$ cat data.txt   # compact mmCIF, C-alpha atoms
# COMPACT_ATOMS: atom_id res chain seq x y z
CA MET A 1 111.25 127.14 230.75
CA ALA A 2 109.47 127.97 234.00
CA GLY A 3 107.63 130.96 232.56
CA ASP A 4 107.92 133.35 229.69
CA GLY A 5 111.52 134.49 229.71
CA GLU A 6 112.37 132.42 232.76
CA TYR A 7 114.66 129.39 232.80
CA ARG A 8 115.64 127.11 235.65
CA LEU A 9 118.14 124.38 236.33
CA GLU A 10 119.11 122.53 239.49
CA GLY A 11 121.22 119.60 240.54
CA LEU A 12 124.60 118.62 241.91
CA ALA A 13 127.36 121.16 241.39
CA VAL A 14 129.83 119.05 239.43
CA PRO A 15 131.94 119.94 236.38
CA GLU A 16 129.32 118.54 233.99
CA THR A 17 126.91 121.15 235.36
CA LEU A 18 128.71 123.73 233.24
CA ASP A 19 127.61 122.04 230.03
CA LEU A 20 124.00 122.10 231.24
CA LEU A 21 124.29 125.83 231.89
CA HIS A 22 125.80 126.41 228.45
CA GLY A 23 122.84 124.52 227.01
CA LEU A 24 120.31 126.52 228.98
CA LEU A 25 121.83 129.82 227.87
CA ALA A 26 121.93 128.66 224.26
CA ARG A 27 118.25 127.79 224.49
CA ALA A 28 117.42 131.16 226.01
CA GLY A 29 119.32 132.86 223.20
CA ALA A 30 117.54 130.83 220.53
CA GLU A 31 114.15 131.61 222.05
CA HIS A 32 115.00 135.31 222.43
CA PRO A 33 116.72 136.29 219.20
CA ASP A 34 116.53 139.93 220.27
CA ILE A 35 119.29 139.29 222.82
CA THR A 36 122.44 140.46 221.08
CA PRO A 37 125.22 137.90 220.69
CA ALA A 38 127.55 140.19 222.65
CA ASP A 39 125.19 140.42 225.62
CA LEU A 40 124.61 136.68 225.63
CA MET A 41 128.33 135.94 225.29
CA MET A 42 129.29 138.18 228.16
CA PHE A 43 126.50 136.97 230.41
CA GLU A 44 127.39 133.36 229.62
CA THR A 45 131.02 134.07 230.47
CA ALA A 46 129.98 135.38 233.88
CA VAL A 47 127.53 132.57 234.64
CA ILE A 48 130.12 129.92 233.86
CA GLU A 49 132.71 131.65 236.03
CA ILE A 50 130.39 131.87 239.02
CA ALA A 51 129.13 128.31 238.58
CA GLY A 52 132.69 127.11 238.07
CA ASN A 53 133.64 128.80 241.32
CA VAL A 54 130.88 126.88 243.13
CA VAL A 55 131.91 123.61 241.48
CA GLU A 56 135.57 124.08 242.26
CA HIS A 57 135.44 125.59 245.71
CA GLY A 58 132.08 124.43 247.10
CA VAL A 59 132.34 122.58 250.40
CA PRO A 60 131.92 119.67 250.90
CA PRO A 61 133.39 118.87 247.46
CA GLY A 62 131.11 116.88 245.20
CA GLU A 63 128.15 117.21 247.52
CA VAL A 64 127.07 120.79 246.93
CA THR A 65 123.73 121.25 245.20
CA TYR A 66 122.75 124.30 243.21
CA GLY A 67 119.79 126.01 241.62
CA PHE A 68 120.01 128.49 238.77
CA ARG A 69 117.39 130.84 237.45
CA LEU A 70 117.70 133.06 234.42
CA VAL A 71 115.18 135.77 233.72
CA VAL A 72 115.22 137.51 230.35
CA LEU A 73 113.82 141.00 230.74
CA PRO A 74 113.49 143.70 228.09
CA ASP A 75 116.34 145.73 229.52
CA ARG A 76 118.50 143.13 231.29
CA LEU A 77 119.49 139.54 231.87
CA GLU A 78 119.26 138.42 235.47
CA GLY A 79 120.80 135.26 236.81
CA THR A 80 120.54 133.88 240.33
CA LEU A 81 122.58 130.96 241.51
CA TRP A 82 121.98 129.34 244.88
CA ASP A 83 124.37 126.80 246.29
CA SER A 84 124.21 124.61 249.38
CA GLY A 85 127.92 124.92 250.11
CA ALA A 86 129.50 126.08 253.32
CA PRO A 87 129.21 129.83 253.82
CA LEU A 88 131.70 131.76 251.77
CA PRO A 89 134.28 133.91 253.49
CA GLU A 90 133.23 137.47 254.10
CA ALA A 91 133.29 139.68 251.02
CA PRO A 92 134.47 137.12 248.45
CA LEU A 93 133.81 139.57 245.66
CA GLU A 94 136.02 142.24 247.16
CA GLN A 95 138.82 139.73 247.56
CA GLY A 96 138.36 138.38 244.05
CA SER A 97 137.68 141.60 242.19
CA VAL A 98 141.27 142.45 241.35
CA MET A 99 142.50 140.92 238.12
CA PRO A 100 145.66 138.92 238.89
CA GLY A 101 148.90 139.50 237.04
CA GLU A 102 149.54 137.75 233.75
CA TRP A 103 151.65 134.97 235.25
CA ARG A 104 149.16 133.81 237.83
CA GLU A 105 147.43 130.56 236.93
CA ASP A 106 144.27 131.14 238.96
CA GLY A 107 142.17 133.81 240.60
CA ARG A 108 140.66 135.38 237.48
CA GLY A 109 137.13 134.00 237.62
CA LEU A 110 135.35 136.46 239.89
CA ALA A 111 137.24 139.43 238.47
CA LEU A 112 136.27 138.40 234.95
CA ALA A 113 132.63 137.91 235.91
CA GLY A 114 132.56 141.32 237.54
CA THR A 115 133.96 142.91 234.41
CA VAL A 116 131.25 141.64 232.06
CA LEU A 117 128.33 142.23 234.43
CA ASP A 118 126.72 145.46 235.52
CA ASP A 119 126.01 144.05 238.94
CA LEU A 120 127.33 141.03 240.79
CA SER A 121 126.57 140.25 244.39
CA CYS A 122 126.93 137.33 246.74
CA GLN A 123 125.08 136.80 249.99
CA ARG A 124 125.06 134.17 252.64
CA VAL A 125 121.55 132.79 252.92
CA ALA A 126 120.02 130.03 255.00
CA GLY A 127 121.62 126.78 253.92
CA GLY A 128 124.19 128.23 251.55
CA ASN A 129 125.07 131.16 249.33
CA ARG A 130 123.24 133.20 246.72
CA TRP A 131 124.86 134.87 243.74
CA ARG A 132 123.06 137.51 241.72
CA MET A 133 124.25 138.50 238.27
CA THR A 134 122.82 141.29 236.13
CA ARG A 135 123.80 142.43 232.70
CA LEU A 136 122.00 145.39 231.18
CA ARG A 137 121.17 144.76 227.54
CA ARG A 138 123.17 147.21 225.42
CA SER A 139 121.00 147.16 222.33
CA ARG A 140 118.20 145.21 220.81
CA ALA A 141 118.03 143.71 217.36
CA MET B 142 135.99 119.29 224.01
CA GLU B 143 138.17 117.32 221.65
CA ILE B 144 141.89 117.77 222.05
CA SER B 145 144.13 116.46 219.33
CA THR B 146 147.80 116.88 218.67
CA ALA B 147 149.76 117.05 215.46
CA THR B 148 153.49 117.26 215.02
CA ALA B 149 154.62 120.00 212.68
CA ASP B 150 158.22 120.32 211.51
CA SER B 151 159.24 122.57 214.34
CA ALA B 152 156.47 122.42 216.94
CA GLU B 153 153.63 120.45 218.41
CA VAL B 154 150.20 121.77 217.48
CA ILE B 155 147.50 121.11 220.08
CA ARG B 156 144.03 121.68 218.72
CA CYS B 157 141.18 122.40 221.16
CA GLU B 158 137.74 121.91 219.66
CA GLY B 159 134.70 122.94 221.68
CA ARG B 160 134.64 124.48 225.16
CA LEU B 161 137.88 124.88 227.05
CA ASN B 162 136.61 124.73 230.62
CA MET B 163 137.41 122.83 233.80
CA VAL B 164 136.23 119.59 232.23
CA ALA B 165 138.70 119.90 229.36
CA VAL B 166 141.61 121.51 231.18
CA PRO B 167 143.17 118.28 232.52
CA HIS B 168 143.34 116.97 228.95
CA LEU B 169 145.02 120.14 227.68
CA ARG B 170 147.52 120.09 230.55
CA ALA B 171 148.30 116.45 229.81
CA ALA B 172 148.83 117.16 226.11
CA ILE B 173 151.21 120.03 226.94
CA GLU B 174 153.13 117.97 229.48
CA SER B 175 153.40 115.04 227.09
CA ALA B 176 154.85 117.20 224.33
CA VAL B 177 157.40 118.83 226.62
CA GLU B 178 158.40 115.51 228.17
CA GLN B 179 158.96 114.10 224.71
CA GLY B 180 161.38 116.91 223.99
CA GLN B 181 159.19 119.38 222.12
CA PRO B 182 158.81 122.61 224.12
CA ARG B 183 157.64 124.64 221.11
CA LEU B 184 153.87 124.50 221.28
CA VAL B 185 151.04 126.03 219.32
CA VAL B 186 147.61 125.79 220.92
CA ASP B 187 145.12 126.04 218.10
CA LEU B 188 141.97 127.75 219.39
CA SER B 189 140.33 128.25 216.01
CA ALA B 190 137.63 125.71 216.89
CA THR B 191 137.37 126.71 220.55
CA THR B 192 133.89 128.06 221.11
CA PHE B 193 134.31 129.15 224.72
CA ILE B 194 137.07 129.55 227.27
CA ASP B 195 136.81 130.15 231.00
CA SER B 196 139.33 131.15 233.64
CA SER B 197 140.41 127.56 234.21
CA GLY B 198 141.27 127.31 230.52
CA LEU B 199 143.23 130.54 230.77
CA GLY B 200 145.08 129.12 233.75
CA ALA B 201 146.04 126.06 231.76
CA LEU B 202 147.41 128.24 228.96
CA VAL B 203 149.49 130.30 231.41
CA ALA B 204 150.78 127.13 233.06
CA GLY B 205 151.64 125.72 229.65
CA LEU B 206 153.41 128.92 228.65
CA LYS B 207 155.56 128.78 231.79
CA ARG B 208 156.26 125.08 231.34
CA ALA B 209 157.28 125.53 227.71
CA ARG B 210 159.58 128.45 228.48
CA GLN B 211 161.18 126.60 231.38
CA ALA B 212 162.01 123.86 228.90
CA GLY B 213 163.57 126.34 226.50
CA GLY B 214 160.59 126.71 224.19
CA ASP B 215 157.45 128.76 224.03
CA LEU B 216 153.70 128.44 223.78
CA ARG B 217 151.83 130.43 221.17
CA ILE B 218 148.12 130.51 220.47
CA ALA B 219 146.35 130.69 217.15
CA GLY B 220 142.81 131.42 216.13
CA GLY B 221 140.21 132.13 218.73
CA GLY B 222 136.76 133.52 218.18
CA GLU B 223 135.14 136.57 219.67
CA GLN B 224 134.65 135.14 223.17
CA VAL B 225 138.19 133.83 223.38
CA ARG B 226 139.67 137.16 222.32
CA MET B 227 137.37 139.11 224.62
CA VAL B 228 138.42 137.04 227.62
CA LEU B 229 142.10 137.29 226.75
CA GLY B 230 141.75 141.05 226.51
CA LEU B 231 139.73 141.56 229.69
CA THR B 232 142.22 139.52 231.71
CA ASN B 233 145.23 141.26 230.09
CA LEU B 234 146.52 137.86 229.04
CA ASP B 235 146.81 139.04 225.46
CA ARG B 236 150.01 140.73 226.66
CA VAL B 237 151.69 137.35 227.09
CA LEU B 238 149.47 135.22 224.85
CA ARG B 239 148.98 137.26 221.71
CA PRO B 240 146.65 135.40 219.40
CA HIS B 241 148.00 134.68 215.94
CA GLU B 242 145.46 134.56 213.16
CA ARG B 243 146.34 131.08 211.95
CA VAL B 244 148.49 128.17 213.04
CA GLU B 245 150.83 128.95 210.14
CA ASP B 246 151.36 132.44 211.53
CA ALA B 247 152.11 131.08 214.99
CA LEU B 248 154.70 128.74 213.54
CA ASP B 249 156.49 131.60 211.82
CA GLY B 250 160.14 131.78 212.84
CA TRP B 251 160.29 128.27 214.30
$ encode --input "data.txt" --output "structure tokens"
Amino acid sequence: MAGDGEYRLEGLAVPETLDLLHGLLARAGAEHPDITPADLMMFETAVIEIAGNVVEHGVPPGEVTYGFRLVVLPDRLEGTLWDSGAPLPEAPLEQGSVMPGEWREDGRGLALAGTVLDDLSCQRVAGGNRWRMTRLRRSRA
Amino acid sequence: MEISTATADSAEVIRCEGRLNMVAVPHLRAAIESAVEQGQPRLVVDLSATTFIDSSGLGALVAGLKRARQAGGDLRIAGGGEQVRMVLGLTNLDRVLRPHERVEDALDGW
């Protein structure tokens, strides 16, 4: 933990990264029992989708690095994910915000993340991309 | 994720224990393909011990459903905790992959 209510992780964006993120979120939940299971579950769903998107589509494959920061605030959960991959196409969230039909095998990740978050944004930044994820906490134990 | 298979009288039951994400998906796809290739296109994917599913896991289930139906069978799912059911609902996949409570329920009629 980098500070009270703050958690960080960084490394190479590979499939195993997802397990590290699950672990970090589990630790945050254990250390903040006032986060409701529903809020944590939905936030975790979004984080894994965004990170999975970076792992799967980051360019060059297998060489993209990432940094993740989670901040637990009284009213919201905030996640920021930086990646060193090639700049994303313009407006990836607009393109990915529509939930595909039932028979499609892919294309659900960003739409799903957007559904469980109150705010999701992606920006090109120097050296890569930055994703910001916010979920407002619905209730406190 | 641990993926194990068991042959029931009328179907292959594929049990997914743990997180069904992009790490586990190739194993699930292989288990589905193996069952169909061996002549069993009736599949039950048991999600009762699946703690988390992401969109790549959903994609594997849809692919498996299509594969099973192309081979004259079907793919049904059983179990699934709160996160699994939430994700199925938010993606509208519960229209084509309606979760059965238990494996026994999914096997009903086969």
$ interface_residues --input "data.txt" --of "chain B" --to "chain A" --cutoff "8 Å" --atoms "all atoms listed in the file" --output "mmCIF file with C-alpha atoms, in the coordinates of the input"
data_model
loop_
_atom_site.group_PDB
_atom_site.id
_atom_site.type_symbol
_atom_site.label_atom_id
_atom_site.label_comp_id
_atom_site.auth_asym_id
_atom_site.auth_seq_id
_atom_site.Cartn_x
_atom_site.Cartn_y
_atom_site.Cartn_z
ATOM 1 C CA MET B 163 137.410 122.830 233.800
ATOM 2 C CA VAL B 164 136.230 119.590 232.230
ATOM 3 C CA ASP B 195 136.810 130.150 231.000
ATOM 4 C CA SER B 196 139.330 131.150 233.640
ATOM 5 C CA SER B 197 140.410 127.560 234.210
ATOM 6 C CA LEU B 199 143.230 130.540 230.770
ATOM 7 C CA GLY B 200 145.080 129.120 233.750
ATOM 8 C CA ALA B 201 146.040 126.060 231.760
ATOM 9 C CA VAL B 203 149.490 130.300 231.410
ATOM 10 C CA ALA B 204 150.780 127.130 233.060
ATOM 11 C CA GLN B 224 134.650 135.140 223.170
ATOM 12 C CA VAL B 228 138.420 137.040 227.620
ATOM 13 C CA LEU B 231 139.730 141.560 229.690
ATOM 14 C CA THR B 232 142.220 139.520 231.710
ATOM 15 C CA ASN B 233 145.230 141.260 230.090
ATOM 16 C CA LEU B 234 146.520 137.860 229.040
ATOM 17 C CA ARG B 236 150.010 140.730 226.660
ATOM 18 C CA VAL B 237 151.690 137.350 227.090
#
$ atom_distance --input "data.txt" --atom1 "CA of Leu77 in chain A" --atom2 "CA of Val166 in chain B"
28.5 Å
$ residues_around --input "data.txt" --residues "range 6-12 of chain A" --least-positions-apart "4" --cutoff "7 Å" --atoms "only C-alpha atoms" --output "PyMOL selection string"
chain A and resi 1-2+63-72
$ closest_residue --input "data.txt" --among "A:Leu117, A:Ala51, A:Leu73, A:Val125" --to "Leu88 in chain A" --atoms "only C-alpha atoms"
A:Val125
$ residues_around --input "data.txt" --residues "Gln181 in chain B" --least-positions-apart "6" --cutoff "8 Å" --atoms "only C-alpha atoms" --output "list in words"
Ala152, Glu153 and Gly214 of chain B
$ atom_distance --input "data.txt" --atom1 "CA of Phe43 in chain A" --atom2 "CA of Arg239 in chain B"
24.1 Å
$ closest_residue --input "data.txt" --among "B:Glu158, B:Ala149, B:Gly205, B:Arg183" --to "Ala171 in chain B" --atoms "only C-alpha atoms"
B:Gly205
$ atom_distance --input "data.txt" --atom1 "CA of Glu178 in chain B" --atom2 "CA of Arg210 in chain B"
13.0 Å
$ axis_aligned_box --input "data.txt" --around "range 160-172 of chain B" --padding-each-side "3 Å" --output "JSON"
{"center_x": 141.7, "center_y": 120.7, "center_z": 229.5, "size_x": 20.2, "size_y": 14.4, "size_z": 14.6}
$ residues_around --input "data.txt" --residues "Arg156 in chain B" --least-positions-apart "4" --cutoff "9 Å" --atoms "all atoms listed in the file" --output "number ranges by chain"
B: 143-147, 185-191
$ write_last_selection --input "data.txt" --atoms "C-alpha atoms" --output "CSV table (one decimal), in the coordinates of the input"
chain,number,residue,atom,x,y,z
B,143,GLU,CA,138.2,117.3,221.6
B,144,ILE,CA,141.9,117.8,222.0
B,145,SER,CA,144.1,116.5,219.3
B,146,THR,CA,147.8,116.9,218.7
B,147,ALA,CA,149.8,117.0,215.5
B,185,VAL,CA,151.0,126.0,219.3
B,186,VAL,CA,147.6,125.8,220.9
B,187,ASP,CA,145.1,126.0,218.1
B,188,LEU,CA,142.0,127.8,219.4
B,189,SER,CA,140.3,128.2,216.0
B,190,ALA,CA,137.6,125.7,216.9
B,191,THR,CA,137.4,126.7,220.6
$ closest_residue --input "data.txt" --among "B:Val154, B:Gly230, B:Arg160, B:Ile194" --to "Leu216 in chain B" --atoms "all atoms listed in the file"
B:Val154
$ closest_residue --input "data.txt" --among "B:Val177, B:Met227, B:Ile218, B:Glu242" --to "Leu202 in chain B" --atoms "all atoms listed in the file"
B:Ile218
